[in-house]
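Pasting start09.txt here (compact mmCIF, C-alpha atoms):
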# COMPACT_ATOMS: atom_id res chain seq x y z
CA MET A 49 74.82 57.62 -25.84
CA ASP A 50 73.01 59.89 -28.15
CA LYS A 51 69.34 60.02 -28.55
CA LYS A 52 69.29 58.04 -31.73
CA LYS A 53 71.07 55.03 -30.21
CA GLN A 54 68.82 55.08 -27.13
CA GLU A 55 65.84 54.71 -29.37
CA GLU A 56 67.41 51.62 -30.94
CA TYR A 57 67.53 49.82 -27.54
CA HIS A 58 63.91 50.50 -26.60
CA PHE A 59 61.64 47.42 -26.37
CA VAL A 60 59.29 46.83 -29.21
CA LYS A 61 55.76 47.94 -28.37
CA GLU A 62 53.07 45.71 -29.81
CA HIS A 63 49.36 46.34 -30.27
CA ILE A 64 47.33 43.08 -30.06
CA LYS A 65 44.24 42.94 -32.21
CA LYS A 66 41.28 40.70 -31.34
CA ILE A 67 40.57 37.86 -33.72
CA PRO A 68 37.27 38.45 -35.46
CA PRO A 69 34.54 36.11 -34.11
CA ASP A 70 33.67 33.05 -36.17
CA ARG A 71 29.94 33.49 -36.63
CA LYS A 72 29.51 30.11 -38.28
CA LYS A 73 30.95 28.22 -35.29
CA ARG A 74 28.78 30.23 -32.88
CA ARG A 75 25.66 29.35 -34.84
CA MET A 76 26.61 25.66 -34.83
CA SER A 77 27.28 25.68 -31.06
CA LEU A 78 23.96 27.37 -30.37
CA GLY A 79 22.16 24.86 -32.59
CA TRP A 80 23.70 21.90 -30.77
CA THR A 81 22.71 23.39 -27.42
CA ILE A 82 19.09 23.81 -28.52
CA LEU A 83 19.01 20.31 -29.99
CA LEU A 84 20.39 18.70 -26.80
CA ALA A 85 17.91 20.66 -24.67
CA ALA A 86 15.03 19.47 -26.84
CA VAL A 87 16.21 15.84 -26.68
CA PHE A 88 16.52 16.08 -22.87
CA GLY A 89 13.01 17.52 -22.62
CA VAL A 90 11.52 14.74 -24.77
CA VAL A 91 13.31 12.01 -22.80
CA ALA A 92 12.26 13.56 -19.46
CA ALA A 93 8.65 13.77 -20.61
CA LEU A 94 8.64 10.12 -21.72
CA VAL A 95 10.16 8.97 -18.44
CA PHE A 96 7.65 11.07 -16.43
CA CYS A 97 4.71 9.61 -18.37
CA ALA A 98 6.02 6.09 -17.82
CA VAL A 99 6.47 6.37 -14.06
CA LYS A 100 3.56 8.73 -13.28
CA PRO A 101 0.89 5.98 -12.88
CA ALA A 102 3.11 3.99 -10.52
CA ILE A 103 3.92 7.08 -8.44
CA GLU A 104 0.23 8.05 -8.29
CA ARG A 105 -0.77 4.55 -7.17
CA LEU A 106 1.97 4.57 -4.52
CA PHE A 107 1.09 7.89 -2.93
CA GLN A 108 -2.61 8.07 -3.71
CA SER A 109 -3.40 4.81 -1.91
CA GLU A 110 -1.74 6.26 1.18
CA ASN A 111 -2.96 9.85 1.14
CA GLU A 112 -6.22 9.80 -0.78
CA GLN A 113 -9.17 10.84 1.38
CA VAL A 114 -12.19 8.71 0.57
CA VAL A 115 -15.53 10.53 0.40
CA LEU A 116 -18.51 8.25 -0.18
CA SER A 117 -20.88 9.30 -2.93
CA SER A 118 -24.38 10.20 -1.83
CA ASP A 119 -27.63 11.54 -3.23
CA GLU A 120 -29.04 12.03 0.27
CA THR A 121 -29.62 15.78 -0.11
CA LYS A 122 -31.51 15.37 -3.34
CA GLU A 123 -33.74 12.66 -1.91
CA ALA A 124 -34.36 14.55 1.30
CA ASP A 125 -35.45 17.62 -0.65
CA THR A 126 -37.98 15.69 -2.70
CA ALA A 127 -39.22 13.28 -0.04
CA ASP A 128 -42.06 15.52 1.16
CA GLU A 129 -43.24 16.80 -2.21
CA PRO A 130 -47.02 16.37 -2.50
CA VAL A 131 -48.39 13.85 -4.99
CA TYR A 132 -51.61 14.73 -6.84
CA ILE A 133 -53.63 11.93 -8.45
CA THR A 134 -55.59 13.36 -11.33
CA GLU A 135 -56.64 10.15 -13.06
CA THR A 136 -57.13 6.55 -11.96
CA GLN A 137 -56.78 3.51 -14.16
CA GLN A 138 -57.39 -0.14 -13.36
CA MET A 139 -54.24 -2.29 -13.63
CA ASP A 140 -54.41 -5.74 -15.21
CA LEU A 141 -52.02 -8.66 -14.78
CA ASN A 142 -49.80 -7.52 -17.65
CA ASP A 143 -49.31 -4.16 -15.92
CA TYR A 144 -48.20 -5.92 -12.75
CA GLN A 145 -45.72 -7.99 -14.73
CA ILE A 146 -44.32 -4.88 -16.41
CA LEU A 147 -43.92 -3.22 -13.00
CA GLN A 148 -42.20 -6.32 -11.61
CA ASN A 149 -39.84 -6.44 -14.59
CA LYS A 150 -38.87 -2.81 -14.00
CA LEU A 151 -38.16 -3.48 -10.32
CA TYR A 152 -35.93 -6.43 -11.12
CA ALA A 153 -34.14 -4.41 -13.80
CA VAL A 154 -33.21 -1.85 -11.11
CA GLY A 155 -31.94 -4.70 -8.93
CA ARG A 156 -29.88 -6.29 -11.70
CA GLU A 157 -28.25 -2.95 -12.50
CA ALA A 158 -27.46 -2.41 -8.81
CA ASN A 159 -25.84 -5.86 -8.64
CA LYS A 160 -22.88 -4.32 -10.48
CA SER A 161 -22.00 -2.86 -7.07
CA VAL A 162 -22.30 -6.25 -5.32
CA VAL A 163 -19.50 -8.72 -4.69
CA SER A 164 -19.46 -12.18 -3.21
CA VAL A 165 -17.11 -12.35 -0.21
CA LYS A 166 -15.50 -15.61 0.86
CA GLY A 167 -13.43 -15.99 4.01
CA ILE A 168 -11.11 -19.00 3.80
CA GLY A 169 -9.45 -20.39 6.91
CA GLN A 170 -8.44 -23.62 8.61
CA THR A 171 -9.94 -25.46 11.54
CA THR A 172 -8.88 -28.54 13.49
CA ASP A 173 -11.25 -31.30 14.64
CA TRP A 174 -11.08 -33.51 17.71
CA PHE A 175 -8.55 -35.77 15.98
CA ASP A 176 -6.19 -32.87 15.15
CA THR A 177 -7.10 -33.14 11.50
CA GLU A 178 -7.06 -29.82 9.65
CA HIS A 179 -9.98 -28.84 7.47
CA VAL A 180 -10.57 -25.88 5.18
CA MET A 181 -13.30 -23.59 6.52
CA GLU A 182 -15.22 -21.20 4.25
CA ASN A 183 -17.74 -18.48 5.11
CA GLN A 184 -19.54 -16.78 2.27
CA GLY A 185 -21.75 -13.72 2.00
CA SER A 186 -22.09 -10.46 0.09
CA GLY A 187 -20.44 -7.06 0.10
CA ILE A 188 -21.16 -3.68 -1.45
CA ILE A 189 -18.59 -1.62 -3.37
CA LEU A 190 -18.56 1.69 -1.48
CA ALA A 191 -15.90 3.50 -3.48
CA ASP A 192 -13.90 3.14 -6.68
CA THR A 193 -10.64 5.02 -6.18
CA ASN A 194 -7.78 5.31 -8.66
CA GLY A 195 -6.02 2.34 -7.12
CA ARG A 196 -8.54 0.13 -5.34
CA TYR A 197 -12.13 -0.87 -4.61
CA LEU A 198 -13.44 -0.39 -1.05
CA ILE A 199 -16.08 -2.92 -0.01
CA ALA A 200 -18.44 -3.04 2.98
CA THR A 201 -19.29 -6.48 4.32
CA GLU A 202 -19.88 -8.34 7.60
CA ARG A 203 -16.83 -9.09 9.70
CA LYS A 204 -18.17 -12.50 10.74
CA LEU A 205 -17.49 -13.72 7.20
CA ILE A 206 -13.76 -13.06 7.50
CA ALA A 207 -13.13 -13.03 11.27
CA GLU A 208 -11.20 -16.32 11.30
CA ALA A 209 -9.97 -16.26 7.71
CA ASN A 210 -6.37 -16.15 6.62
CA GLN A 211 -7.42 -15.46 3.04
CA ILE A 212 -10.23 -13.26 1.71
CA GLU A 213 -11.53 -13.81 -1.80
CA VAL A 214 -13.90 -11.49 -3.63
CA SER A 215 -15.95 -12.41 -6.72
CA PHE A 216 -17.38 -9.67 -8.94
CA TYR A 217 -20.59 -9.57 -10.96
CA ASP A 218 -18.87 -11.20 -13.97
CA ASP A 219 -17.50 -14.09 -11.84
CA SER A 220 -13.91 -12.77 -11.89
CA THR A 221 -12.10 -13.08 -8.55
CA ALA A 222 -9.46 -11.14 -6.62
CA GLU A 223 -7.85 -11.22 -3.19
CA ALA A 224 -8.93 -8.65 -0.60
CA GLU A 225 -7.50 -7.35 2.64
CA LEU A 226 -9.18 -5.99 5.76
CA ILE A 227 -8.91 -2.20 6.16
CA ALA A 228 -10.95 -1.62 9.33
CA TYR A 229 -13.95 -2.97 11.18
CA ASP A 230 -16.44 -1.89 13.83
CA GLY A 231 -16.88 -4.43 16.60
CA THR A 232 -20.25 -3.00 17.63
CA THR A 233 -22.13 -3.35 14.35
CA GLY A 234 -19.95 -6.12 12.91
CA ILE A 235 -19.37 -4.13 9.71
CA ALA A 236 -15.97 -4.42 8.02
CA VAL A 237 -14.39 -2.58 5.08
CA LEU A 238 -12.18 -4.49 2.65
CA SER A 239 -9.78 -3.28 -0.02
CA VAL A 240 -9.13 -4.86 -3.44
CA GLN A 241 -6.25 -3.56 -5.53
CA LYS A 242 -7.51 -2.73 -9.02
CA SER A 243 -4.25 -4.07 -10.47
CA GLN A 244 -5.72 -7.54 -9.82
CA VAL A 245 -8.87 -6.74 -11.80
CA SER A 246 -8.98 -6.85 -15.59
CA GLU A 247 -9.97 -3.77 -17.54
CA ASP A 248 -13.05 -5.60 -18.82
CA THR A 249 -14.22 -6.28 -15.25
CA GLN A 250 -13.50 -2.69 -14.22
CA ASN A 251 -15.82 -1.53 -17.00
CA ARG A 252 -18.59 -3.86 -15.79
CA VAL A 253 -18.62 -3.07 -12.07
CA ALA A 254 -19.44 0.22 -10.36
CA ALA A 255 -19.39 1.76 -6.91
CA ALA A 256 -22.77 2.10 -5.22
CA THR A 257 -24.47 5.44 -4.68
CA LEU A 258 -25.65 5.97 -1.12
CA GLY A 259 -29.18 7.31 -0.72
CA SER A 260 -31.17 8.42 2.33
CA SER A 261 -32.78 6.05 4.80
CA SER A 262 -34.47 8.90 6.68
CA ALA A 263 -37.12 9.15 3.95
CA LEU A 264 -38.23 5.50 4.33
CA THR A 265 -41.72 4.96 5.74
CA GLN A 266 -44.12 2.04 6.01
CA GLY A 267 -45.11 0.85 2.55
CA THR A 268 -42.03 2.20 0.77
CA ILE A 269 -40.97 -0.22 -1.97
CA VAL A 270 -37.42 -1.50 -1.54
CA ILE A 271 -35.25 -4.05 -3.33
CA ALA A 272 -32.87 -6.46 -1.59
CA ILE A 273 -29.65 -7.24 -3.44
CA GLY A 274 -26.64 -9.37 -2.54
CA SER A 275 -27.51 -12.67 -0.86
CA PRO A 276 -30.55 -12.13 1.39
CA LEU A 277 -31.41 -15.84 1.09
CA GLY A 278 -27.82 -17.04 0.78
CA GLU A 279 -27.58 -17.12 -3.04
CA PRO A 280 -25.13 -14.49 -4.42
CA PHE A 281 -26.40 -11.69 -6.68
CA SER A 282 -30.07 -12.30 -5.84
CA VAL A 283 -32.81 -9.73 -6.38
CA LEU A 284 -35.88 -9.66 -4.11
CA THR A 285 -38.58 -7.00 -3.86
CA GLY A 286 -40.91 -5.97 -1.06
CA ASN A 287 -42.03 -3.19 1.25
CA VAL A 288 -40.80 -1.49 4.39
CA THR A 289 -42.92 -2.63 7.34
CA SER A 290 -41.18 -0.48 9.98
CA SER A 291 -38.46 2.14 10.02
CA SER A 292 -38.82 3.59 13.51
CA HIS A 293 -37.68 0.66 15.65
CA GLU A 294 -34.52 1.59 17.53
CA VAL A 295 -31.89 -0.85 18.76
CA THR A 296 -29.56 0.10 21.59
CA ALA A 297 -26.00 -1.02 20.90
CA THR A 298 -22.74 -0.23 22.62
CA ASP A 299 -21.80 3.43 22.01
CA ALA A 300 -24.68 4.00 19.55
CA ASN A 301 -28.40 3.62 18.98
CA TYR A 302 -29.51 2.53 15.52
CA LYS A 303 -32.84 2.75 13.72
CA VAL A 304 -33.61 -0.57 12.09
CA ILE A 305 -35.46 -1.02 8.80
CA SER A 306 -37.80 -4.03 8.78
CA THR A 307 -39.29 -5.41 5.56
CA ASP A 308 -41.59 -8.19 4.36
CA ILE A 309 -38.83 -9.62 2.11
CA ASN A 310 -37.92 -13.23 2.91
CA ALA A 311 -34.41 -13.75 4.25
CA GLY A 312 -32.18 -16.43 5.70
CA SER A 313 -30.58 -16.14 9.13
CA GLY A 314 -27.23 -15.50 7.46
CA GLY A 315 -28.57 -13.17 4.78
CA SER A 316 -26.36 -10.26 3.73
CA GLY A 317 -26.28 -7.51 1.14
CA ALA A 318 -28.10 -4.21 0.89
CA LEU A 319 -31.48 -2.56 0.48
CA ILE A 320 -31.87 -0.13 -2.42
CA ASN A 321 -34.62 2.28 -3.42
CA LEU A 322 -36.27 2.62 -6.81
CA ASN A 323 -33.40 4.85 -7.98
CA GLY A 324 -30.91 2.07 -7.30
CA GLU A 325 -29.37 3.91 -4.31
CA VAL A 326 -28.33 1.99 -1.21
CA VAL A 327 -30.60 2.88 1.72
CA GLY A 328 -29.54 0.17 4.18
CA LEU A 329 -27.05 -2.62 4.87
CA ILE A 330 -28.65 -5.98 5.64
CA LEU A 331 -27.69 -7.06 9.16
CA GLN A 332 -29.93 -9.88 10.39
CA SER A 333 -28.31 -9.76 13.84
CA PHE A 334 -30.12 -6.44 14.50
CA GLY A 335 -33.55 -7.87 13.84
CA THR A 336 -35.95 -9.11 16.50
CA GLU A 337 -36.37 -12.84 17.04
CA ALA A 338 -39.76 -12.71 15.35
CA ALA A 339 -38.32 -10.94 12.30
CA GLN A 340 -35.42 -13.32 11.58
CA SER A 341 -37.25 -14.72 8.53
CA THR A 342 -37.45 -11.30 6.86
CA VAL A 343 -34.80 -8.81 5.75
CA THR A 344 -33.59 -6.43 8.46
CA ALA A 345 -31.18 -3.58 7.74
CA ILE A 346 -29.52 -0.60 9.40
CA GLY A 347 -30.30 2.67 7.64
CA ILE A 348 -27.40 3.99 5.58
CA THR A 349 -27.91 7.49 7.01
CA GLU A 350 -27.16 6.05 10.45
CA ILE A 351 -23.80 4.54 9.48
CA ARG A 352 -22.58 6.62 6.55
CA SER A 353 -20.05 8.62 8.59
CA MET A 354 -18.74 5.44 10.18
CA LEU A 355 -18.32 3.77 6.78
CA GLU A 356 -16.42 6.80 5.51
CA LYS A 357 -14.16 6.73 8.57
CA MET A 358 -13.37 3.04 8.06
CA SER A 359 -12.85 3.54 4.32
CA ASN A 360 -10.01 5.86 5.24
CA GLY A 361 -8.42 3.17 7.41
CA ASP A 362 -9.57 4.44 10.83
CA THR A 363 -11.12 2.05 13.33
CA PRO A 364 -14.11 3.59 15.17
CA ALA A 365 -13.28 4.51 18.76
CA TYR A 366 -14.83 2.39 21.50
CA LEU A 367 -15.82 3.58 24.97
CA GLY A 368 -18.28 0.87 26.03
CA LEU A 369 -21.51 2.59 27.06
CA GLU A 370 -25.18 2.06 26.35
CA VAL A 371 -26.76 5.50 26.52
CA SER A 372 -30.00 7.41 26.05
CA THR A 373 -30.93 11.07 25.82
CA VAL A 374 -32.07 13.00 28.88
CA SER A 375 -34.50 15.40 27.25
CA SER A 376 -35.86 18.55 28.88
CA THR A 377 -39.10 16.73 29.74
CA ILE A 378 -37.32 13.76 31.30
CA ALA A 379 -34.93 16.05 33.17
CA LYS A 380 -37.85 18.04 34.66
CA GLU A 381 -40.01 15.07 35.57
CA ASN A 382 -37.22 12.98 37.12
CA LYS A 383 -34.98 15.78 38.38
CA ILE A 384 -32.06 14.52 36.30
CA PRO A 385 -29.48 16.82 34.66
CA LYS A 386 -29.76 17.17 30.90
CA GLY A 387 -27.19 15.20 28.95
CA VAL A 388 -26.47 11.58 28.02
CA TYR A 389 -27.70 9.01 30.52
CA VAL A 390 -25.53 5.91 31.04
CA LYS A 391 -27.77 2.82 31.02
CA ASN A 392 -25.02 0.24 31.08
CA VAL A 393 -21.22 0.04 31.21
CA ALA A 394 -19.65 -2.86 29.28
CA GLN A 395 -17.34 -5.20 31.18
CA ASP A 396 -13.60 -4.48 30.80
CA SER A 397 -14.37 -1.47 28.62
CA PRO A 398 -12.43 1.83 28.63
CA ALA A 399 -15.46 3.39 30.36
CA MET A 400 -15.34 0.86 33.21
CA GLN A 401 -11.58 1.29 33.57
CA ALA A 402 -12.08 5.06 33.84
CA GLY A 403 -14.66 4.64 36.62
CA LEU A 404 -17.91 5.48 34.78
CA GLN A 405 -21.01 3.96 36.35
CA ASN A 406 -24.62 3.16 35.51
CA GLY A 407 -26.77 6.21 36.21
CA ASP A 408 -24.09 8.78 35.38
CA VAL A 409 -25.13 11.65 33.11
CA ILE A 410 -22.38 12.68 30.68
CA THR A 411 -22.44 16.37 29.81
CA GLN A 412 -19.13 16.81 27.99
CA ILE A 413 -16.35 14.84 26.28
CA GLY A 414 -13.21 16.88 25.73
CA ASN A 415 -14.41 20.29 24.57
CA THR A 416 -17.69 18.98 23.13
CA GLU A 417 -20.87 19.50 25.14
CA LEU A 418 -23.39 16.66 24.88
CA THR A 419 -27.16 16.88 25.15
CA SER A 420 -28.25 13.77 23.20
CA ALA A 421 -27.27 10.22 22.35
CA GLU A 422 -26.85 11.29 18.72
CA GLN A 423 -24.24 13.88 19.72
CA TYR A 424 -22.49 11.23 21.81
CA ARG A 425 -22.19 8.95 18.76
CA THR A 426 -21.02 11.81 16.54
CA CYS A 427 -18.43 12.79 19.14
CA LEU A 428 -17.03 9.25 19.27
CA LEU A 429 -16.63 9.23 15.50
CA GLN A 430 -14.19 12.13 15.90
CA GLU A 431 -12.07 10.21 18.40
CA LYS A 432 -9.34 7.69 17.62
CA GLU A 433 -8.13 4.49 19.16
CA GLY A 434 -5.59 5.26 21.90
CA GLN A 435 -6.67 8.90 22.24
CA GLN A 436 -7.24 10.29 25.75
CA GLU A 437 -10.05 12.67 26.68
CA LYS A 438 -11.60 14.12 29.83
CA VAL A 439 -15.23 13.18 30.41
CA THR A 440 -17.37 15.57 32.47
CA LEU A 441 -20.37 13.96 34.14
CA GLN A 442 -23.00 14.40 36.82
CA ARG A 443 -23.28 11.65 39.46
CA MET A 444 -25.87 11.25 42.18
CA GLY A 445 -24.44 11.20 45.69
CA ALA A 446 -25.68 9.70 48.92
CA ASP A 447 -27.78 12.83 49.49
CA LYS A 448 -29.65 12.18 46.21
CA LYS A 449 -28.10 15.29 44.71
CA TYR A 450 -26.02 15.33 41.52
CA GLN A 451 -22.45 16.51 41.68
CA GLU A 452 -20.14 17.27 38.79
CA MET A 453 -16.96 15.26 38.40
CA THR A 454 -14.37 14.57 35.71
CA VAL A 455 -12.69 11.31 34.69
CA GLU A 456 -10.11 10.59 32.03
CA VAL A 457 -10.73 7.88 29.46
CA THR A 458 -8.51 6.22 26.85
CA PHE A 459 -10.46 5.12 23.80
CA ASP A 460 -9.97 1.61 22.45
CA ALA A 461 -11.31 -0.41 19.51
CA ALA A 462 -14.26 -2.78 19.95
CA LYS A 463 -13.21 -6.38 19.43

Is it possible to express this structure as structure tokens?
Amino acid sequence: MDKKKQEEYHFVKEHIKKIPPDRKKRRMSLGWTILLAAVFGVVAALVFCAVKPAIERLFQSENEQVVLSSDETKEADTADEPVYITETQQMDLNDYQILQNKLYAVGREANKSVVSVKGIGQTTDWFDTEHVMENQGSGIILADTNGRYLIATERKLIAEANQIEVSFYDDSTAEAELIAYDGTTGIAVLSVQKSQVSEDTQNRVAAATLGSSSALTQGTIVIAIGSPLGEPFSVLTGNVTSSSHEVTATDANYKVISTDINAGSGGSGALINLNGEVVGLILQSFGTEAAQSTVTAIGITEIRSMLEKMSNGDTPAYLGLEVSTVSSTIAKENKIPKGVYVKNVAQDSPAMQAGLQNGDVITQIGNTELTSAEQYRTCLLQEKEGQQEKVTLQRMGADKKYQEMTVEVTFDAAK
């Protein structure tokens, strides 16, 4: 076959050309993509805004660390400033009335931080007839978080209650629940969900500011708020008569503030200073028998850390000891080791179960060395219910010499 015919049988060779791009369609596709992305972003933002408050309330109530407000540093800095009287002026009766009006105005403003607490329960009489039982007193709003109010009150008001009701300054009510309590002082912390409280009430109430009780001396003017005489949202004025009296309680020693303000045996509430800051919680059970007719309070500086611990849902650890400090002078005069002297061991307490005895001198709990009763109390505030620690102590033997020994304790909660 000649060359010409061979060329006729060759396959046809094609050259494929690309179709020119349709720029109009590409622009439309890009536009739709941008539009859909924008719509998705708007919808996502709306959904996030809608669910954000609920999510915050859910997680914040569980994880939020409560820190109680305080002006203690400011007051401590100015407590010792000298006062210079450059001019004297005789006061008349009108001046006294103006002064009294100003004091009561401070008290009325502070009552925004007061609530009336009612514990409602049931009791049965000798004939098996059930009756409604109510205990009523006052509480102080310690903190206003994003989701709830935290309130300090006395546990005896709600100890046997199956329902806790709180009334605010404007007479609105809400249900409360117990967060934690300290069996030694009888102080309890309650929680009220702000979702139960109207916006109008939320604008009318306020959390208290904690001041300093260490600056109180005889003659300091104080104001009692709450229900010192049993009537809610009362305001009474008076003076501090003593601030140095110390009461020994289980696991802590407390300085008690005594006043000349009249009070009932079941009085409750708080003491405030002239700046409206809480300087003490009224606890009549800590007063002497002779002082039951006047307001008695525990200084807020003494219990502030404990209140903060309970506000975060932690029950204070309980060991069950009455202690005192073995100072350098006492140690030298009585030939006792320095540390924390055990005056009494409570029955059936973790301390008794661990083998601690009256007369022991505790020198260390865990890794913390102790030289005073104040350090002992601070150390216990760091412990938790159910936690185990080694306690190092000095105990006198038959030869009248002290020997070091170690016991292991398991902390509990005071009932």

Using only C-alpha atoms, find each residue in region 244-359 of chain A having at least one atom no more than 10 Å away from region 184-188 of chain A; report its shortest atom-to-atom pair and that distance in Å (one decimal), rows by chain then rising number, as JSON lines.
{"residue": "A:Ala254", "atom": "CA", "partner": "A:Ile188", "partner_atom": "CA", "distance": 9.9}
{"residue": "A:Ala255", "atom": "CA", "partner": "A:Ile188", "partner_atom": "CA", "distance": 7.9}
{"residue": "A:Ala256", "atom": "CA", "partner": "A:Ile188", "partner_atom": "CA", "distance": 7.1}
{"residue": "A:Ile273", "atom": "CA", "partner": "A:Ser186", "partner_atom": "CA", "distance": 8.9}
{"residue": "A:Gly274", "atom": "CA", "partner": "A:Ser186", "partner_atom": "CA", "distance": 5.4}
{"residue": "A:Ser275", "atom": "CA", "partner": "A:Ser186", "partner_atom": "CA", "distance": 5.9}
{"residue": "A:Pro276", "atom": "CA", "partner": "A:Ser186", "partner_atom": "CA", "distance": 8.7}
{"residue": "A:Leu277", "atom": "CA", "partner": "A:Gly185", "partner_atom": "CA", "distance": 9.9}
{"residue": "A:Gly278", "atom": "CA", "partner": "A:Gly185", "partner_atom": "CA", "distance": 7.0}
{"residue": "A:Glu279", "atom": "CA", "partner": "A:Gly185", "partner_atom": "CA", "distance": 8.4}
{"residue": "A:Pro280", "atom": "CA", "partner": "A:Ser186", "partner_atom": "CA", "distance": 6.8}
{"residue": "A:Phe281", "atom": "CA", "partner": "A:Ser186", "partner_atom": "CA", "distance": 8.1}
{"residue": "A:Gly314", "atom": "CA", "partner": "A:Gly185", "partner_atom": "CA", "distance": 7.9}
{"residue": "A:Gly315", "atom": "CA", "partner": "A:Gly185", "partner_atom": "CA", "distance": 7.4}
{"residue": "A:Ser316", "atom": "CA", "partner": "A:Ser186", "partner_atom": "CA", "distance": 5.6}
{"residue": "A:Gly317", "atom": "CA", "partner": "A:Ser186", "partner_atom": "CA", "distance": 5.2}
{"residue": "A:Ala318", "atom": "CA", "partner": "A:Ile188", "partner_atom": "CA", "distance": 7.3}
{"residue": "A:Val326", "atom": "CA", "partner": "A:Ile188", "partner_atom": "CA", "distance": 9.1}
{"residue": "A:Leu329", "atom": "CA", "partner": "A:Ile188", "partner_atom": "CA", "distance": 8.7}
{"residue": "A:Ile330", "atom": "CA", "partner": "A:Ser186", "partner_atom": "CA", "distance": 9.7}

Produce a table with one row for each residue of region 348-447 of chain A that has an atom at most 10 Å from any atom of region 285-296 of chain A, each row naming the nearest atom pair and its distance in Å at one decimal; use only C-alpha atoms; arrange rows by chain and rising residue number; format as CSV.
residue,atom,partner,partner_atom,distance
A:Glu370,CA,A:Thr296,CA,6.8
A:Val371,CA,A:Thr296,CA,7.8
A:Ser372,CA,A:Thr296,CA,8.6
A:Lys391,CA,A:Thr296,CA,10.0

Neighbouring residues of Gln423 (chain A) were defined as those with any atom within 12 Å, considering all atoms listed in the file; residues of the same chain fewer than 4 positions away were excluded. Please report them as a PDB file with C-alpha atoms, in the frame of the given file.
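Contents of around-v2.pdb, as written:
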ATOM      1  CA  ASP A 299     -21.800   3.430  22.010  1.00  0.00           C
ATOM      2  CA  ALA A 300     -24.680   4.000  19.550  1.00  0.00           C
ATOM      3  CA  ASN A 301     -28.400   3.620  18.980  1.00  0.00           C
ATOM      4  CA  VAL A 371     -26.760   5.500  26.520  1.00  0.00           C
ATOM      5  CA  SER A 372     -30.000   7.410  26.050  1.00  0.00           C
ATOM      6  CA  THR A 373     -30.930  11.070  25.820  1.00  0.00           C
ATOM      7  CA  GLY A 387     -27.190  15.200  28.950  1.00  0.00           C
ATOM      8  CA  VAL A 388     -26.470  11.580  28.020  1.00  0.00           C
ATOM      9  CA  ILE A 410     -22.380  12.680  30.680  1.00  0.00           C
ATOM     10  CA  THR A 411     -22.440  16.370  29.810  1.00  0.00           C
ATOM     11  CA  GLN A 412     -19.130  16.810  27.990  1.00  0.00           C
ATOM     12  CA  ILE A 413     -16.350  14.840  26.280  1.00  0.00           C
ATOM     13  CA  THR A 416     -17.690  18.980  23.130  1.00  0.00           C
ATOM     14  CA  GLU A 417     -20.870  19.500  25.140  1.00  0.00           C
ATOM     15  CA  LEU A 418     -23.390  16.660  24.880  1.00  0.00           C
ATOM     16  CA  THR A 419     -27.160  16.880  25.150  1.00  0.00           C
ATOM     17  CA  CYS A 427     -18.430  12.790  19.140  1.00  0.00           C
ATOM     18  CA  LEU A 428     -17.030   9.250  19.270  1.00  0.00           C
ATOM     19  CA  LEU A 429     -16.630   9.230  15.500  1.00  0.00           C
ATOM     20  CA  GLN A 430     -14.190  12.130  15.900  1.00  0.00           C
TER      21      GLN A 430
END

For Ala394 (chain A), work out the shell of residues within 7 Å, counting only C-alpha atoms and skipping chain neighbours fewer than 4 positions away, then give it as a PyMOL selection string.
chain A and resi 368-369+400

Keeping only C-alpha atoms, write the selected residues to a file as an mmCIF file, in the frame of the given file.
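The resulting file, result.cif, is shown below:
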data_model
loop_
_atom_site.group_PDB
_atom_site.id
_atom_site.type_symbol
_atom_site.label_atom_id
_atom_site.label_comp_id
_atom_site.auth_asym_id
_atom_site.auth_seq_id
_atom_site.Cartn_x
_atom_site.Cartn_y
_atom_site.Cartn_z
ATOM 1 C CA GLY A 368 -18.280 0.870 26.030
ATOM 2 C CA LEU A 369 -21.510 2.590 27.060
ATOM 3 C CA MET A 400 -15.340 0.860 33.210
#

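Here CA of Glu325 (chain A) and CA of Lys160 (chain A) stand 12.2 Å from one another.
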
For Arg443 (chain A), which residue among A:Ala222, A:Asn406, A:Val180, A:Gly347 is the nearest when counting all atoms listed in the file?
A:Asn406

Which distance in Å separates CA of Glu135 (chain A) and CA of Gly324 (chain A), to one decimal?
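Answer for the CA of Glu135 (chain A) to CA of Gly324 (chain A) separation: 27.6 Å.
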
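Considering the residues A:Ile168, A:Val390, A:Val327, A:Leu141 and counting all atoms listed in the file, Gly259 (chain A) has its shortest atom-to-atom contact with A:Val327.
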
If you count only C-alpha atoms, which residues fall within 12 Å of Ser353 (chain A), apart from same-chain ones fewer than 2 positions away, as a PyMOL selection string?
chain A and resi 114-118+258+347-351+355-360+362+364+425-430

Residue nearest Glu422 (chain A) - candidates A:Lys463, A:Arg196, A:Lys303, A:Arg156, atoms counted: all atoms listed in the file
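Using all atoms listed in the file, Glu422 (chain A) sits closest to A:Lys303.
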
May I ask for the distance between CA of Thr172 (chain A) and CA of Ile206 (chain A), given in Å to one decimal place?
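Interatomic distance, CA of Thr172 (chain A) to CA of Ile206 (chain A): 17.3 Å.
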
Size and centre in Å, one decimal, axis-aligned box, all listed region 180-197 of chain A atoms plus 6 Å per side, as AutoDock Vina command-line options:
--center_x -14.1 --center_y -10.3 --center_z -1.1 --size_x 28.1 --size_y 43.2 --size_z 27.2

Counting only C-alpha atoms, the residue of A:Glu225, A:Glu157, A:Asp218, A:Glu381 that sits nearest Leu238 (chain A):
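Distance minimum relative to Leu238 (chain A) lands on A:Glu225.
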
Within 9 Å of (-12.6, -8.3, -1.0) in the file's own coordinates, which protein, DNA or RNA residues have an atom, counting only C-alpha atoms? List them as a list in words.
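Returned residue set, sorted by chain then number, is Val163, Ser164, Val165, Lys166, Gly187, Tyr197, Leu198, Ile199, Ala200, Thr201, Ile212, Glu213, Val214, Ser215, Thr221, Ala222, Glu223, Ala224, Glu225, Leu226, Val237, Leu238, Ser239 and Val240 of chain A.
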